[in-house]
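Printed here is coords-v8.cif (mmCIF, C-alpha atoms):
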```cif
data_model
loop_
_atom_site.label_atom_id
_atom_site.label_comp_id
_atom_site.auth_asym_id
_atom_site.auth_seq_id
_atom_site.Cartn_x
_atom_site.Cartn_y
_atom_site.Cartn_z
CA MET A 455 -45.06 -83.88 153.06
CA ALA A 456 -43.93 -85.89 156.07
CA VAL A 457 -46.48 -85.04 158.70
CA PRO A 458 -45.71 -86.73 161.96
CA THR A 459 -48.67 -88.17 163.76
CA GLU A 460 -47.14 -88.57 167.15
CA ARG A 461 -44.67 -86.87 169.41
CA PHE A 462 -40.97 -87.11 168.65
CA ASP A 463 -39.53 -88.65 171.79
CA TRP A 464 -35.90 -88.32 172.70
CA GLN A 465 -34.12 -91.60 172.29
CA GLU A 466 -30.63 -92.95 172.64
CA ALA A 467 -28.58 -93.41 169.52
CA ARG A 468 -25.27 -95.22 169.55
CA VAL A 469 -22.37 -93.90 167.53
CA VAL A 470 -21.28 -96.91 165.50
CA ARG A 471 -18.70 -95.25 163.28
CA ILE A 472 -16.91 -91.93 162.84
CA ALA A 473 -15.35 -90.92 159.54
CA ALA A 474 -13.24 -87.83 158.87
CA GLN A 475 -14.53 -86.02 155.79
CA THR A 476 -12.16 -83.06 155.80
CA GLY A 477 -9.97 -81.38 158.41
CA ARG A 478 -13.01 -79.69 159.93
CA VAL A 479 -15.83 -82.06 159.12
CA LYS A 480 -16.61 -85.53 160.39
CA SER A 481 -19.46 -87.91 159.72
CA TYR A 482 -21.04 -89.57 162.75
CA PHE A 483 -22.95 -92.74 161.93
CA VAL A 484 -25.55 -93.41 164.60
CA GLU A 485 -28.07 -96.15 165.24
CA PRO A 486 -31.24 -94.96 166.92
CA ARG A 487 -33.08 -97.55 168.99
CA LYS A 488 -36.36 -97.14 167.21
CA TRP A 489 -36.38 -95.59 163.83
CA SER A 490 -39.11 -95.83 161.29
CA GLY A 491 -37.21 -94.14 158.49
CA PHE A 492 -37.07 -90.61 157.16
CA VAL A 493 -37.42 -88.64 153.96
CA ALA A 494 -34.23 -87.53 152.20
CA GLY A 495 -33.46 -83.94 153.23
CA GLN A 496 -34.71 -84.17 156.83
CA HIS A 497 -32.70 -83.49 159.97
CA VAL A 498 -32.57 -84.65 163.57
CA ASP A 499 -32.18 -82.80 166.83
CA VAL A 500 -29.28 -83.90 169.02
CA ARG A 501 -29.27 -83.34 172.78
CA LEU A 502 -26.31 -83.52 175.14
CA THR A 503 -26.70 -83.64 178.92
CA ALA A 504 -24.07 -82.67 181.53
CA PRO A 505 -23.87 -84.45 184.91
CA ASP A 506 -25.75 -81.60 186.62
CA GLY A 507 -28.61 -81.77 184.12
CA TYR A 508 -27.52 -78.87 181.90
CA GLN A 509 -28.46 -79.61 178.30
CA ALA A 510 -27.56 -78.33 174.87
CA GLN A 511 -29.46 -79.09 171.66
CA ARG A 512 -28.58 -78.62 168.01
CA SER A 513 -30.00 -79.72 164.66
CA TYR A 514 -27.97 -81.73 162.17
CA SER A 515 -28.90 -82.78 158.66
CA ILE A 516 -28.96 -86.44 157.71
CA ALA A 517 -26.61 -87.24 154.81
CA SER A 518 -27.33 -90.96 154.50
CA ALA A 519 -30.05 -92.34 152.27
CA PRO A 520 -33.27 -93.57 153.86
CA GLU A 521 -32.26 -97.05 152.67
CA ASP A 522 -29.03 -97.05 154.70
CA ARG A 523 -29.00 -98.86 158.01
CA GLU A 524 -27.00 -96.18 159.81
CA VAL A 525 -28.00 -92.55 160.09
CA GLU A 526 -25.12 -90.32 159.00
CA LEU A 527 -24.84 -86.89 160.61
CA VAL A 528 -22.33 -84.44 159.15
CA ILE A 529 -20.85 -82.18 161.81
CA GLU A 530 -18.58 -79.29 160.96
CA ARG A 531 -16.35 -78.11 163.77
CA LEU A 532 -17.03 -74.47 164.61
CA GLU A 533 -14.30 -73.20 166.90
CA GLU A 534 -16.55 -70.98 168.99
CA GLY A 535 -19.30 -73.55 169.17
CA GLU A 536 -20.43 -75.56 172.17
CA VAL A 537 -21.67 -78.77 170.58
CA SER A 538 -19.58 -79.31 167.44
CA PRO A 539 -16.18 -79.11 169.23
CA PHE A 540 -17.53 -81.62 171.76
CA PHE A 541 -18.35 -84.03 168.95
CA HIS A 542 -14.94 -83.55 167.37
CA GLU A 543 -12.89 -83.79 170.56
CA VAL A 544 -14.81 -86.13 172.82
CA VAL A 545 -17.29 -88.36 171.05
CA GLN A 546 -15.96 -91.83 170.21
CA LYS A 547 -17.33 -94.95 168.64
CA SER A 548 -19.82 -96.71 170.98
CA ASP A 549 -20.74 -93.48 172.76
CA THR A 550 -24.42 -92.69 173.04
CA VAL A 551 -26.13 -89.38 172.39
CA GLU A 552 -29.81 -88.50 172.46
CA ILE A 553 -31.62 -87.66 169.25
CA ARG A 554 -35.15 -87.04 168.12
CA GLY A 555 -36.67 -86.85 164.71
CA PRO A 556 -36.69 -87.05 161.78
CA ILE A 557 -37.75 -83.43 161.49
CA GLY A 558 -38.77 -81.19 158.62
CA GLY A 559 -41.45 -81.65 155.99
CA HIS A 560 -40.40 -79.11 153.39
CA PHE A 561 -36.77 -79.49 152.32
CA THR A 562 -37.37 -83.10 151.28
CA TRP A 563 -37.38 -85.20 148.15
CA GLY A 564 -38.87 -88.61 147.35
CA LYS A 565 -39.29 -90.64 144.17
CA HIS A 566 -42.87 -89.41 143.68
CA ASP A 567 -41.56 -85.81 143.52
CA GLY A 568 -39.76 -86.61 140.26
CA GLY A 569 -37.28 -84.36 138.49
CA PRO A 570 -35.16 -82.95 136.96
CA LEU A 571 -33.43 -82.00 140.17
CA LEU A 572 -31.06 -79.11 140.74
CA LEU A 573 -29.15 -79.28 144.01
CA VAL A 574 -27.04 -76.32 145.06
CA GLY A 575 -24.83 -76.62 148.12
CA GLY A 576 -22.23 -74.47 149.83
CA GLY A 577 -19.75 -76.05 152.28
CA SER A 578 -21.43 -78.30 154.81
CA GLY A 579 -24.77 -77.41 153.22
CA VAL A 580 -24.11 -80.40 150.98
CA ALA A 581 -25.24 -82.81 153.74
CA PRO A 582 -29.02 -82.96 153.09
CA LEU A 583 -28.33 -82.79 149.33
CA MET A 584 -26.17 -85.88 149.67
CA SER A 585 -29.10 -87.72 151.21
CA ILE A 586 -31.25 -86.73 148.24
CA LEU A 587 -28.54 -87.75 145.73
CA ARG A 588 -27.98 -91.12 147.36
CA HIS A 589 -31.70 -91.78 147.61
CA ARG A 590 -32.20 -90.78 143.97
CA ALA A 591 -29.46 -93.19 142.88
CA ASN A 592 -31.20 -95.98 144.82
CA VAL A 593 -34.78 -95.41 143.77
CA ALA A 594 -34.90 -93.16 140.69
CA PRO A 595 -31.57 -93.18 138.82
CA ASP A 596 -33.38 -92.03 135.67
CA VAL A 597 -34.17 -88.66 137.23
CA PRO A 598 -31.69 -86.13 135.81
CA ALA A 599 -29.83 -84.30 138.56
CA VAL A 600 -27.12 -81.68 138.80
CA LEU A 601 -25.23 -80.88 141.98
CA VAL A 602 -23.67 -77.44 142.03
CA TYR A 603 -21.27 -77.51 144.96
CA SER A 604 -19.19 -74.58 146.14
CA SER A 605 -16.31 -75.27 148.47
CA ARG A 606 -13.35 -73.21 149.58
CA ALA A 607 -10.69 -75.71 148.55
CA MET A 608 -10.31 -79.20 147.14
CA ASP A 609 -9.39 -80.63 150.54
CA GLU A 610 -12.52 -79.09 152.07
CA VAL A 611 -14.89 -80.83 149.66
CA ILE A 612 -17.10 -83.05 151.79
CA PHE A 613 -17.89 -86.43 150.17
CA ARG A 614 -15.29 -85.59 147.50
CA ASP A 615 -14.39 -89.12 146.43
CA GLU A 616 -17.96 -90.36 146.49
CA LEU A 617 -19.25 -87.39 144.52
CA ILE A 618 -16.60 -87.72 141.83
CA ALA A 619 -17.21 -91.47 141.61
CA ARG A 620 -20.98 -90.98 141.40
CA ALA A 621 -20.68 -88.34 138.71
CA GLU A 622 -18.61 -90.75 136.64
CA ALA A 623 -20.74 -93.81 137.26
CA GLU A 624 -24.24 -92.34 137.16
CA ALA A 625 -25.38 -91.44 133.66
CA ASN A 626 -27.94 -88.87 134.78
CA LEU A 627 -25.88 -87.09 137.41
CA ARG A 628 -23.64 -84.12 136.77
CA LEU A 629 -21.30 -82.57 139.31
CA VAL A 630 -20.43 -78.88 138.98
CA LEU A 631 -17.77 -78.30 141.60
CA THR A 632 -16.39 -74.81 142.11
CA LEU A 633 -13.59 -73.76 144.46
CA THR A 634 -13.66 -70.27 145.92
CA ARG A 635 -10.27 -69.97 147.61
CA GLU A 636 -7.95 -71.86 145.33
CA THR A 637 -7.57 -72.53 141.64
CA ALA A 638 -8.89 -75.89 140.56
CA THR A 639 -6.07 -77.92 139.05
CA ASP A 640 -8.45 -80.63 137.84
CA VAL A 641 -9.97 -79.61 134.51
CA ARG A 642 -13.30 -81.14 135.49
CA PHE A 643 -13.78 -78.43 138.10
CA ARG A 644 -13.96 -74.67 138.10
CA SER A 645 -12.73 -71.84 140.30
CA GLY A 646 -14.52 -68.84 141.71
CA ARG A 647 -17.79 -68.12 143.39
CA ILE A 648 -21.09 -69.19 141.90
CA ASP A 649 -22.24 -66.71 139.26
CA MET A 650 -24.82 -66.18 136.56
CA PRO A 651 -22.87 -67.90 133.74
CA LEU A 652 -22.57 -71.01 135.91
CA PHE A 653 -26.32 -71.23 136.39
CA GLU A 654 -27.08 -70.32 132.77
CA ASP A 655 -24.84 -73.19 131.71
CA VAL A 656 -26.43 -75.64 134.14
CA LEU A 657 -29.98 -74.64 133.23
CA GLY A 658 -29.19 -74.68 129.53
CA ARG A 659 -28.32 -78.35 129.77
CA PHE A 660 -31.63 -79.16 131.46
CA GLY A 661 -33.49 -77.72 128.49
CA GLY A 662 -35.85 -75.84 130.81
CA PRO A 663 -36.17 -75.10 134.50
CA PRO A 664 -35.70 -78.09 136.81
CA ARG A 665 -38.83 -79.31 138.53
CA HIS A 666 -37.26 -79.00 141.96
CA THR A 667 -34.35 -76.91 143.18
CA PHE A 668 -32.83 -77.34 146.62
CA VAL A 669 -30.36 -74.77 147.93
CA CYS A 670 -28.51 -75.28 151.20
CA GLY A 671 -25.62 -73.42 152.78
CA ALA A 672 -24.72 -70.25 154.65
CA THR A 673 -27.17 -67.37 154.34
CA ALA A 674 -25.11 -65.29 151.93
CA PHE A 675 -24.58 -68.30 149.68
CA VAL A 676 -28.26 -69.23 149.65
CA ASP A 677 -29.27 -65.64 148.93
CA ALA A 678 -26.82 -65.34 146.05
CA ALA A 679 -27.78 -68.69 144.55
CA SER A 680 -31.51 -67.94 144.84
CA ARG A 681 -31.08 -64.58 143.12
CA PHE A 682 -29.21 -66.13 140.20
CA LEU A 683 -31.78 -68.89 139.89
CA ILE A 684 -34.76 -66.54 139.86
CA ASP A 685 -33.04 -64.19 137.41
CA ALA A 686 -32.35 -67.22 135.20
CA GLY A 687 -36.04 -68.04 135.14
CA VAL A 688 -36.38 -70.78 137.75
CA PRO A 689 -39.89 -70.41 139.24
CA PHE A 690 -39.87 -69.05 142.79
CA PRO A 691 -42.16 -71.77 144.24
CA SER A 692 -39.94 -74.56 142.89
CA ILE A 693 -36.95 -73.39 144.98
CA LYS A 694 -36.56 -74.76 148.49
CA THR A 695 -33.90 -73.35 150.77
CA GLU A 696 -32.21 -74.26 153.99
CA ARG A 697 -29.85 -71.76 155.57
CA TYR A 698 -27.15 -72.11 158.15
CA GLY A 699 -27.36 -69.04 160.34
CA GLY A 700 -25.79 -65.66 159.86
CA ASP A 701 -23.12 -66.04 162.44
CA PRO A 702 -20.20 -68.43 162.26
CA VAL A 703 -20.38 -68.87 166.04
CA ARG A 704 -23.52 -70.87 165.62
CA ASP A 705 -23.21 -74.64 165.63
CA MET B 489 -29.24 -89.66 180.00
CA ILE B 490 -25.90 -88.07 180.87
CA THR B 491 -23.66 -87.72 177.82
CA ARG B 492 -20.19 -89.08 178.51
CA GLY B 493 -17.66 -86.26 178.76
CA PHE B 494 -20.10 -83.41 178.20
CA PHE B 495 -19.96 -80.48 180.59
CA GLY B 496 -21.21 -77.72 178.32
CA ARG B 497 -20.55 -74.05 178.18
CA ARG B 498 -22.87 -72.65 180.76
CA PRO B 499 -24.50 -69.27 180.15
CA SER B 500 -24.44 -66.79 183.05
CA ALA B 501 -27.36 -66.91 185.48
CA ASP B 502 -28.82 -63.75 183.91
CA VAL B 503 -28.71 -65.23 180.44
CA ALA B 504 -29.95 -68.63 181.59
CA ALA B 505 -33.01 -67.04 183.20
CA ARG B 506 -34.00 -65.54 179.85
CA LEU B 507 -33.40 -68.69 177.80
CA PRO B 508 -36.34 -71.05 177.25
CA PRO B 509 -35.45 -74.77 177.52
CA GLY B 510 -33.12 -76.07 174.80
CA GLN B 511 -32.19 -72.58 173.55
CA TYR B 512 -28.83 -70.80 173.43
CA GLU B 513 -28.03 -67.11 173.12
CA GLU B 514 -27.14 -65.86 169.65
CA LYS B 515 -25.52 -62.46 169.15
CA GLY B 516 -25.95 -62.40 165.37
CA PHE B 517 -29.26 -62.60 163.59
CA PRO B 518 -29.49 -65.83 161.59
CA VAL B 519 -31.77 -65.92 158.57
CA LEU B 520 -34.11 -68.86 158.12
CA SER B 521 -36.83 -69.30 155.56
CA ALA B 522 -38.26 -72.05 153.42
CA GLY B 523 -37.56 -70.40 150.08
CA PRO B 524 -35.81 -67.51 148.37
CA THR B 525 -36.26 -63.95 149.60
CA PRO B 526 -39.12 -62.33 147.65
CA ARG B 527 -38.59 -58.85 146.22
CA VAL B 528 -41.54 -56.80 147.33
CA ASP B 529 -42.18 -53.49 145.58
CA LEU B 530 -43.49 -50.88 148.04
CA ALA B 531 -45.61 -49.25 145.32
CA ALA B 532 -47.45 -52.55 144.86
CA TRP B 533 -47.43 -53.51 148.54
CA ARG B 534 -50.84 -54.05 150.16
CA PHE B 535 -51.84 -55.31 153.56
CA ASP B 536 -55.23 -56.98 153.82
CA LEU B 537 -57.46 -57.77 156.74
CA LYS B 538 -60.04 -60.51 156.18
CA ILE B 539 -62.78 -62.24 158.12
CA GLY B 540 -62.87 -65.70 156.60
CA PRO B 541 -62.87 -65.11 152.84
CA ARG B 542 -64.33 -61.59 153.18
CA PRO B 543 -61.95 -58.62 152.82
CA VAL B 544 -62.55 -56.04 155.54
CA LYS B 545 -59.82 -53.49 154.90
CA SER B 546 -56.78 -53.05 152.73
CA TRP B 547 -53.92 -50.61 153.29
CA SER B 548 -51.31 -49.28 150.88
CA TRP B 549 -47.77 -48.81 152.19
CA VAL B 550 -48.43 -45.10 152.78
CA GLU B 551 -51.77 -45.75 154.49
CA PHE B 552 -50.23 -48.46 156.61
CA ASN B 553 -47.50 -46.15 157.82
CA ASP B 554 -50.04 -43.46 158.73
CA MET B 555 -51.36 -45.61 161.55
CA PRO B 556 -50.10 -45.14 165.12
CA ARG B 557 -46.67 -46.70 165.55
CA SER B 558 -45.27 -48.59 168.54
CA GLN B 559 -41.75 -49.54 169.53
CA TRP B 560 -40.99 -52.80 171.32
CA LYS B 561 -37.85 -54.28 172.80
CA ARG B 562 -38.23 -58.05 173.01
CA ASP B 563 -36.33 -61.32 173.26
CA ILE B 564 -36.96 -63.63 170.30
CA HIS B 565 -36.67 -67.43 170.18
CA CYS B 566 -36.19 -69.48 167.02
CA VAL B 567 -37.22 -73.14 166.93
CA THR B 568 -33.78 -73.94 165.48
CA LYS B 569 -32.51 -73.29 169.04
CA TRP B 570 -31.13 -69.74 168.99
CA SER B 571 -32.53 -66.90 171.05
CA LYS B 572 -31.66 -63.25 170.64
CA PHE B 573 -32.17 -60.74 173.43
CA ASP B 574 -33.33 -57.12 173.37
CA THR B 575 -34.25 -56.85 169.72
CA ASN B 576 -35.86 -53.49 168.84
CA TRP B 577 -38.85 -53.34 166.53
CA GLU B 578 -41.22 -50.67 165.32
CA GLY B 579 -44.54 -51.12 163.62
CA VAL B 580 -48.30 -51.15 164.00
CA THR B 581 -49.75 -53.29 166.75
CA VAL B 582 -52.56 -55.68 165.87
CA ASP B 583 -54.72 -53.71 168.33
CA ASP B 584 -54.14 -50.51 166.35
CA LEU B 585 -54.66 -52.31 163.06
CA LEU B 586 -58.07 -53.60 164.13
CA ALA B 587 -59.04 -50.23 165.55
CA ASP B 588 -58.20 -48.59 162.21
CA ALA B 589 -60.42 -51.18 160.51
CA GLY B 590 -63.23 -50.41 162.93
CA ILE B 591 -63.21 -53.84 164.55
CA ASP B 592 -63.70 -53.57 168.29
CA SER B 593 -64.25 -57.21 169.15
CA PRO B 594 -62.66 -60.21 167.45
CA PRO B 595 -65.05 -61.86 164.97
CA THR B 596 -63.42 -65.29 165.52
CA PRO B 597 -60.87 -66.66 168.03
CA TYR B 598 -58.14 -67.51 165.48
CA VAL B 599 -55.98 -65.71 162.97
CA LEU B 600 -54.03 -67.00 159.99
CA ALA B 601 -51.22 -64.72 158.82
CA HIS B 602 -50.36 -64.83 155.10
CA SER B 603 -47.19 -63.79 153.29
CA TRP B 604 -46.12 -62.71 149.80
CA ASP B 605 -44.32 -65.99 149.19
CA GLY B 606 -47.32 -68.17 150.04
CA TYR B 607 -46.20 -68.80 153.61
CA SER B 608 -48.80 -68.85 156.35
CA THR B 609 -48.88 -69.36 160.09
CA ASN B 610 -51.68 -69.55 162.62
CA VAL B 611 -51.89 -67.59 165.87
CA PRO B 612 -54.81 -67.39 168.29
CA TYR B 613 -56.25 -63.88 168.39
CA ALA B 614 -55.57 -63.79 172.14
CA ASP B 615 -51.83 -64.01 171.34
CA LEU B 616 -51.99 -60.94 169.09
CA ALA B 617 -54.30 -58.70 171.12
CA GLY B 618 -53.34 -56.65 174.15
CA ASP B 619 -49.97 -55.53 172.78
CA LYS B 620 -48.78 -59.06 172.08
CA GLY B 621 -48.49 -58.90 168.30
CA MET B 622 -47.48 -56.25 165.76
CA VAL B 623 -46.84 -55.90 162.07
CA ALA B 624 -43.29 -54.58 162.20
CA THR B 625 -41.71 -52.47 159.48
CA ARG B 626 -38.51 -51.37 161.22
CA TYR B 627 -35.78 -53.27 163.05
CA GLU B 628 -33.06 -51.54 165.09
CA GLY B 629 -34.04 -48.17 163.71
CA ALA B 630 -33.97 -49.06 160.02
CA PRO B 631 -36.38 -50.62 157.53
CA ILE B 632 -36.43 -54.39 158.01
CA ALA B 633 -34.02 -55.98 155.51
CA PRO B 634 -35.67 -58.23 152.89
CA ASP B 635 -33.86 -61.27 154.33
CA HIS B 636 -35.43 -60.64 157.70
CA GLY B 637 -38.92 -60.21 156.30
CA GLY B 638 -39.02 -56.60 155.08
CA PRO B 639 -40.90 -54.53 154.16
CA ALA B 640 -43.17 -55.93 156.90
CA ARG B 641 -43.21 -58.98 159.11
CA LEU B 642 -45.50 -60.18 161.82
CA LEU B 643 -43.94 -60.02 165.27
CA VAL B 644 -45.27 -62.36 167.97
CA PRO B 645 -42.20 -62.54 170.16
CA HIS B 646 -43.60 -64.73 172.94
CA LEU B 647 -44.04 -67.62 170.47
CA TYR B 648 -41.32 -69.40 168.43
CA PHE B 649 -40.17 -67.10 165.69
CA TRP B 650 -41.67 -69.03 162.77
CA LYS B 651 -44.96 -67.52 163.98
CA SER B 652 -43.52 -64.07 163.21
CA ALA B 653 -44.23 -64.47 159.49
CA LYS B 654 -41.81 -62.70 157.15
CA TRP B 655 -43.17 -60.64 154.21
CA VAL B 656 -46.60 -60.69 155.84
CA ASN B 657 -49.37 -59.24 153.67
CA ALA B 658 -52.62 -60.31 155.32
CA LEU B 659 -54.24 -61.29 158.57
CA GLN B 660 -57.30 -63.49 158.23
CA PHE B 661 -59.71 -64.30 161.03
CA THR B 662 -60.68 -67.99 160.92
CA GLU B 663 -63.36 -69.95 162.74
CA ARG B 664 -60.99 -72.81 163.50
CA ASP B 665 -57.30 -72.95 164.35
CA GLU B 666 -56.09 -73.61 160.78
CA ALA B 667 -52.58 -75.05 160.59
CA GLY B 668 -50.16 -72.88 158.58
CA PHE B 669 -47.12 -73.78 156.49
CA TRP B 670 -44.80 -75.22 159.14
CA GLU B 671 -47.66 -76.39 161.33
CA LEU B 672 -48.65 -78.70 158.42
CA ARG B 673 -45.05 -79.89 158.17
CA GLY B 674 -44.42 -81.20 161.65
CA TYR B 675 -44.18 -78.06 163.76
CA HIS B 676 -46.31 -77.39 166.81
CA ILE B 677 -49.72 -75.83 166.35
CA TYR B 678 -49.09 -73.20 169.10
CA GLY B 679 -45.31 -72.95 169.62
CA ASP B 680 -44.68 -71.70 173.15
CA PRO B 681 -40.89 -71.68 173.66
CA TRP B 682 -41.23 -71.81 177.45
CA ARG B 683 -43.10 -75.11 177.15
CA GLU B 684 -40.70 -76.19 174.38
CA GLN B 685 -43.52 -76.77 171.90
CA ARG B 686 -41.28 -77.27 168.88
CA TYR B 687 -42.89 -80.15 167.04
CA THR B 688 -46.29 -81.78 166.72
CA GLY B 689 -47.22 -83.40 169.99
CA ASP B 690 -44.63 -81.57 172.16
#
```
Can you dump the structure from the file as structure tokens?
Amino acid sequence: MAVPTERFDWQEARVVRIAAQTGRVKSYFVEPRKWSGFVAGQHVDVRLTAPDGYQAQRSYSIASAPEDREVELVIERLEEGEVSPFFHEVVQKSDTVEIRGPIGGHFTWGKHDGGPLLLVGGGSGVAPLMSILRHRANVAPDVPAVLVYSSRAMDEVIFRDELIARAEAEANLRLVLTLTRETATDVRFRSGRIDMPLFEDVLGRFGGPPRHTFVCGATAFVDAASRFLIDAGVPFPSIKTERYGGDPVRD
Amino acid sequence: MITRGFFGRRPSADVAARLPPGQYEEKGFPVLSAGPTPRVDLAAWRFDLKIGPRPVKSWSWVEFNDMPRSQWKRDIHCVTKWSKFDTNWEGVTVDDLLADAGIDSPPTPYVLAHSWDGYSTNVPYADLAGDKGMVATRYEGAPIAPDHGGPARLLVPHLYFWKSAKWVNALQFTERDEAGFWELRGYHIYGDPWREQRYTGD
């Protein structure tokens, strides 16, 4: 548990790099002025201020590993949103935004938590799971892990190249990628929504329930995944969830 | 610090007046919780009132619904920044709950609410009494959906919404202000949205 002992002050963070992930998702690499690290799975609050003092705040998950020098925020552009279109249209390298954090002491994983680990992500819900995966590769590569990742289409898979490369290079990592709006042409991947056979297969290979399960995505996705997991015998208290709102307008 | 190029999408003056600092208006009803949605069987449902470790009263679902019911229309504010206006709830106020249990003055100044999934959150008694808190069983005229905390959730609308514990099954009077689930994990001990008490130390 990451219990903060002092107030999270707002601080300036410089955008040092921007990388397009997919057509609708970009990674913003920021450097906070003072940063004493974070636990994989945590998020930060971002605050924007207009010239007249009007402010908007949103929370974004950190996708980088705690070992990385830059803090990577994954921001999906939501057309009706106020903050995400600003990031996508206006923010450039060397701009400064205000952040505070890291925040959240529940949806987190560290070496001492051990494994096996089951990570289940839908769409941009993969961001905090990526932080956990990267951290695991750095500090506990022996911990068996499976990432079940549901995406609409191959070109909407965030971190696609890195995930495929990691799954090939890391002996204890398995990637189960499923596409919901197109047929996977690559035989390594599957098509269709997550379902019971998918989880039965994944859990069968663990040889028992994973020690920790993290589920992140839109509400309907998290609900469906949690139901399958519980029906498949994964203990309720071992499942941690993070949900992205019920309304696509939200950013 | 002014953010280069940011002008924002200003809410109307009416909306702005109802939004605590750092919040925006949400028309939908996002779901947030730390774990899966528990399936709570009404036949097995109980609601307990305790003073410290001592049980004072326990209601079945039928007994609970026999108590006087109140209807509230309130704005709610989630720490994840959304606010939703004019939400309609129905349930049993904490005042009526205590009256039914024969408690006419609070035995301690603090309350810890407990839930079916092991969640807990602390609220001073003063923030539940005097028509400030209820155990709600209906939302917008229908039973509260499991995702939103049904069959019953605490409703303390003047505090951030994590205080309105989903799947609530007990209120426990405590001598001290005991930190609950999120309060132990970096969230503010009290959680007043108008003072933007999101995190520890705010």
Mind giving me the straight-line distance from CA of Asp554 in chain B to CA of His602 in chain B in Å, one decimal? 21.7 Å
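Closest approach to Phe573 in chain B among B:Gly689, B:Gly606, B:Pro595, B:Pro508: B:Pro508, based on all atoms listed in the file.
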Would you kindly report the residues of chain B within 7 Å of chain A, using all atoms listed in the file, as a PDB file with C-alpha atoms, in the frame of the given file?
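Result file follows (part28.pdb):
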```pdb
ATOM      1  CA  MET B 489     -29.240 -89.660 180.000  1.00  0.00           C
ATOM      2  CA  ILE B 490     -25.900 -88.070 180.870  1.00  0.00           C
ATOM      3  CA  THR B 491     -23.660 -87.720 177.820  1.00  0.00           C
ATOM      4  CA  GLY B 493     -17.660 -86.260 178.760  1.00  0.00           C
ATOM      5  CA  PHE B 494     -20.100 -83.410 178.200  1.00  0.00           C
ATOM      6  CA  PHE B 495     -19.960 -80.480 180.590  1.00  0.00           C
ATOM      7  CA  GLY B 496     -21.210 -77.720 178.320  1.00  0.00           C
ATOM      8  CA  ARG B 497     -20.550 -74.050 178.180  1.00  0.00           C
ATOM      9  CA  GLY B 510     -33.120 -76.070 174.800  1.00  0.00           C
ATOM     10  CA  GLY B 516     -25.950 -62.400 165.370  1.00  0.00           C
ATOM     11  CA  PHE B 517     -29.260 -62.600 163.590  1.00  0.00           C
ATOM     12  CA  PRO B 518     -29.490 -65.830 161.590  1.00  0.00           C
ATOM     13  CA  VAL B 519     -31.770 -65.920 158.570  1.00  0.00           C
ATOM     14  CA  LEU B 520     -34.110 -68.860 158.120  1.00  0.00           C
ATOM     15  CA  SER B 521     -36.830 -69.300 155.560  1.00  0.00           C
ATOM     16  CA  ALA B 522     -38.260 -72.050 153.420  1.00  0.00           C
ATOM     17  CA  GLY B 523     -37.560 -70.400 150.080  1.00  0.00           C
ATOM     18  CA  PRO B 524     -35.810 -67.510 148.370  1.00  0.00           C
ATOM     19  CA  THR B 568     -33.780 -73.940 165.480  1.00  0.00           C
ATOM     20  CA  LYS B 569     -32.510 -73.290 169.040  1.00  0.00           C
ATOM     21  CA  LEU B 672     -48.650 -78.700 158.420  1.00  0.00           C
ATOM     22  CA  ARG B 673     -45.050 -79.890 158.170  1.00  0.00           C
ATOM     23  CA  GLY B 674     -44.420 -81.200 161.650  1.00  0.00           C
ATOM     24  CA  THR B 688     -46.290 -81.780 166.720  1.00  0.00           C
ATOM     25  CA  GLY B 689     -47.220 -83.400 169.990  1.00  0.00           C
ATOM     26  CA  ASP B 690     -44.630 -81.570 172.160  1.00  0.00           C
TER      27      ASP B 690
END
```
Mind checking which residues fall within 10 Å of Pro499 in chain B, counting all atoms listed in the file, ignoring those fewer than 4 positions away in the same chain, and posting them as a list in words? Val503, Ala504, Ala505, Leu507, Tyr512 and Glu513 of chain B
Deliver the residues from the most recent selection as a file, using C-alpha atoms, as a PDB file, keeping the file's coordinate frame.
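Saved as again_35.pdb:
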```pdb
ATOM      1  CA  VAL B 503     -28.710 -65.230 180.440  1.00  0.00           C
ATOM      2  CA  ALA B 504     -29.950 -68.630 181.590  1.00  0.00           C
ATOM      3  CA  ALA B 505     -33.010 -67.040 183.200  1.00  0.00           C
ATOM      4  CA  LEU B 507     -33.400 -68.690 177.800  1.00  0.00           C
ATOM      5  CA  TYR B 512     -28.830 -70.800 173.430  1.00  0.00           C
ATOM      6  CA  GLU B 513     -28.030 -67.110 173.120  1.00  0.00           C
TER       7      GLU B 513
END
```
Kindly resolve the PyMOL selection byres ((chain B and resi 622-626) around 10) on the present coordinates and return the residues as a PyMOL selection string. chain B and resi 535+552-553+557-560+576-585+616-617+619-621+627-633+637-645+652-659
